[in-house]
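To keep things clear, I will list the structure first and then write my remarks on it.
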Amino acid sequence: MRPEARVAALTAIALLAGCGGDRATPTRDTTAPAQQALPAPAAPAVLSPTGPGAPPSGEAFGGIRCESEEYTGQHVHPILVIVIRGQRVPVPAGIGINVARKCLYWLHTHVGDGVLHVEAPDRGRVFRLGEFFALWGYPIGPDQLFDRRGAVYAFVDGEAVTGDPARIELRDAQTIMLTDQATLPSPAVPVPATTGLPIA
């Protein structure tokens with residue numbers, strides 16, 4: 001299959017794969033009428049695969065190019081799980097895929113399952129989570145995630161990571177969790193079965 005046809009097929013798959021999230025509905029505790037129940041937190045909105053800071057027109061960004069083929073020099077698949085206010089924030093399909101130019105950045109997503117695809121020509125290059133977020137077009141740091149200000153906690157394969165989460169290196173088969181909680185979220189939060197996280 002020619003590279004152009006392969007990219008077109010991958011783009012179609014990425015765009016057709018839906019990724020949604022359940023929305024919590026406010027509830028009231030009817031067993032304690034003397035107390036006013038607080039509504040459940042609203043589910044975070046499903047984010048666009050091209051955020052406000054995403055590079056326009058498929059241009060190179062931070063040395064990461066958008067090309068018509070996928071490379072196998074470095075081919076790894078970390079999993080990204082984001083939990084805010086106790087609810088999963090979907091990582092959408094199509095991040096790092098420019099449909100108009102029919103190209104894919106070396107960091108991208110195909111479907112909305114949280115799997116990040118790192119497919120680059122240079123096996124020795126280190127890619128970091130902050131680069132993925134830059135291509136997605138949203139900020140990430142120790143005190144900001146998307147438009148939310150406040151402490152950001154990171155866990156890699158269930159172990160707490162200190163410092164700037166943007167500096168986390170992307171490695172194969174690792175699970176990166178970003179959350180606003182200082183401890184791992186509850187088992188009620190859905191996580192891909194392949195993560196091996198203790199909250200699954």
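As shown in the structure tokens, the chain order sets the letters A, B, ...; within each chain, residues go from 1, and ligands are also counted from 1 in the order they appear.
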
Residues within 10 Å of Gly73 of chain A, only C-alpha atoms, excluding chain neighbours under 2 positions, as a PDB file with C-alpha atoms, in the first residue's frame:
ATOM      1  CA  GLU A  70       4.886   6.057  10.045  1.00  0.00           C
ATOM      2  CA  TYR A  71       8.377   5.094  11.120  1.00  0.00           C
ATOM      3  CA  HIS A  75       7.926   2.464  17.899  1.00  0.00           C
ATOM      4  CA  VAL A  76       6.490   2.570  21.439  1.00  0.00           C
ATOM      5  CA  VAL A 118       5.409   7.167  19.237  1.00  0.00           C
ATOM      6  CA  GLU A 119       6.576   6.287  15.732  1.00  0.00           C
ATOM      7  CA  ALA A 120       9.747   8.145  14.819  1.00  0.00           C
ATOM      8  CA  PRO A 121      12.788   7.585  12.566  1.00  0.00           C
ATOM      9  CA  ASP A 122      15.353   8.039  15.361  1.00  0.00           C
ATOM     10  CA  ARG A 123      15.504   5.195  17.878  1.00  0.00           C
ATOM     11  CA  GLY A 124      17.697   7.187  20.261  1.00  0.00           C
ATOM     12  CA  ARG A 125      15.548  10.295  20.600  1.00  0.00           C
TER      13      ARG A 125
END

Practice problem: Pick out each residue of segment 78-180 of chain A that DSSP on the backbone tags as helix (DSSP H, G or I); I need them as a PyMOL selection string. | Solution: chain A and resi 129-136+165-167

Quiz prompt | Arg167 of chain A environment, 9 Å, only C-alpha atoms, sequence neighbours closer than 5 positions dropped, as a PyMOL selection string | solution = chain A and resi 127-131+141

Exercise. Just the residues within 12 Å of Gly58 of chain A, please, counting only C-alpha atoms, with nothing from its chain fewer than 5 positions along; format it as a PyMOL selection string.
Key: chain A and resi 50+64-68+95-106+135

Create the file for the chosen residues now, containing C-alpha atoms and written as a CSV table (one decimal), in the first residue's frame.
chain,number,residue,atom,x,y,z
A,50,THR,CA,-6.6,19.9,18.1
A,64,ILE,CA,8.8,16.7,15.4
A,65,ARG,CA,7.6,16.5,11.8
A,66,CYS,CA,4.3,15.7,10.3
A,67,GLU,CA,4.9,13.1,7.5
A,68,SER,CA,3.0,10.9,5.2
A,95,ILE,CA,-4.2,13.9,18.1
A,96,GLY,CA,-1.2,14.6,15.9
A,97,ILE,CA,-3.0,13.7,12.7
A,98,ASN,CA,-3.5,16.5,10.1
A,99,VAL,CA,-6.3,15.4,7.8
A,100,ALA,CA,-5.9,18.3,5.3
A,101,ARG,CA,-2.2,17.5,4.7
A,102,LYS,CA,-2.6,13.8,5.1
A,103,CYS,CA,0.2,13.5,7.5
A,104,LEU,CA,0.9,12.2,11.0
A,105,TYR,CA,3.2,13.6,13.6
A,106,TRP,CA,5.7,11.2,15.2
A,135,LEU,CA,1.0,18.8,19.7

Quiz prompt | Selection near Ile176 of chain A, 6 Å with only C-alpha atoms, sequence-local residues under 3 positions removed, as a ChimeraX atom specification | solution = /A:80,155-156

Taking C-alpha atoms for each residue, export the selection above as a PDB file, in the first residue's frame.
ATOM      1  CA  LEU A  80      -2.212   7.972  29.127  1.00  0.00           C
ATOM      2  CA  PHE A 155       1.894   8.322  38.507  1.00  0.00           C
ATOM      3  CA  VAL A 156       3.871   6.049  36.216  1.00  0.00           C
TER       4      VAL A 156
END

Quiz prompt | Near-Leu178 of chain A list (7 Å; only C-alpha atoms; drop same-chain fewer than 5 positions) as a list in words | solution = Val81, Ile82, Val83, Val152, Tyr153, Ala154 and Phe155 of chain A

Quiz prompt | Shell around Ile79 of chain A at 12 Å using only C-alpha atoms, local window under 2 positions removed, as a VMD selection string | solution = chain A and resid 76 to 77 81 to 82 90 to 91 108 to 109 111 to 118 129 155 to 157 170 to 178 191 to 197

Practice problem: Any chance you could list, as a ChimeraX atom specification, the residues in segment 124-169 of chain A that come up strand (DSSP E or B) when DSSP is run on the backbone? | Solution: /A:128,140-141,144-145,148-149,153-156,159-161,169

Just C-alpha atoms for this one: save the residues we selected as an mmCIF file, in the first residue's frame.
data_model
loop_
_atom_site.group_PDB
_atom_site.id
_atom_site.type_symbol
_atom_site.label_atom_id
_atom_site.label_comp_id
_atom_site.auth_asym_id
_atom_site.auth_seq_id
_atom_site.Cartn_x
_atom_site.Cartn_y
_atom_site.Cartn_z
ATOM 1 C CA ARG A 128 8.409 13.490 26.672
ATOM 2 C CA ILE A 140 0.624 20.762 31.175
ATOM 3 C CA GLY A 141 2.816 21.500 34.177
ATOM 4 C CA GLN A 144 -1.769 23.347 35.357
ATOM 5 C CA LEU A 145 -3.536 20.738 33.251
ATOM 6 C CA ARG A 148 -7.414 23.869 35.202
ATOM 7 C CA ARG A 149 -5.109 25.577 37.719
ATOM 8 C CA TYR A 153 -0.097 14.663 40.370
ATOM 9 C CA ALA A 154 1.530 12.088 38.130
ATOM 10 C CA PHE A 155 1.894 8.322 38.507
ATOM 11 C CA VAL A 156 3.871 6.049 36.216
ATOM 12 C CA GLU A 159 4.349 4.927 41.324
ATOM 13 C CA ALA A 160 4.182 8.632 42.199
ATOM 14 C CA VAL A 161 6.435 10.872 40.107
ATOM 15 C CA GLU A 169 9.692 10.199 29.247
#

Quiz item: Rounded to one decimal in Å, what is the spacing between atom CA of Tyr138 of chain A and atom CA of Gln74 of chain A?
Solution: 24.5 Å

Quiz item: Using only C-alpha atoms, which of the listed residues (A:Gly150, A:Gly94, A:Gly163, A:Ala60) sits closest to Asp180 of chain A?
Solution: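 Under the stated criterion, the closest residue is A:Gly150.
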
Practice problem: Give the answer as one residue: which of A:Ala93, A:Leu107, A:Ile168, A:Ala134 has the shortest atom-to-atom distance to Phe146 of chain A, using only C-alpha atoms? | Solution: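 Among the listed residues, A:Ala134 lies closest to Phe146 of chain A.
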
Self-check item: Atomic separation - atom CA of Trp136 of chain A relative to atom CA of Gly51 of chain A, Å
Solution: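 Between atom CA of Gly51 of chain A and atom CA of Trp136 of chain A the gap is 5.7 Å.
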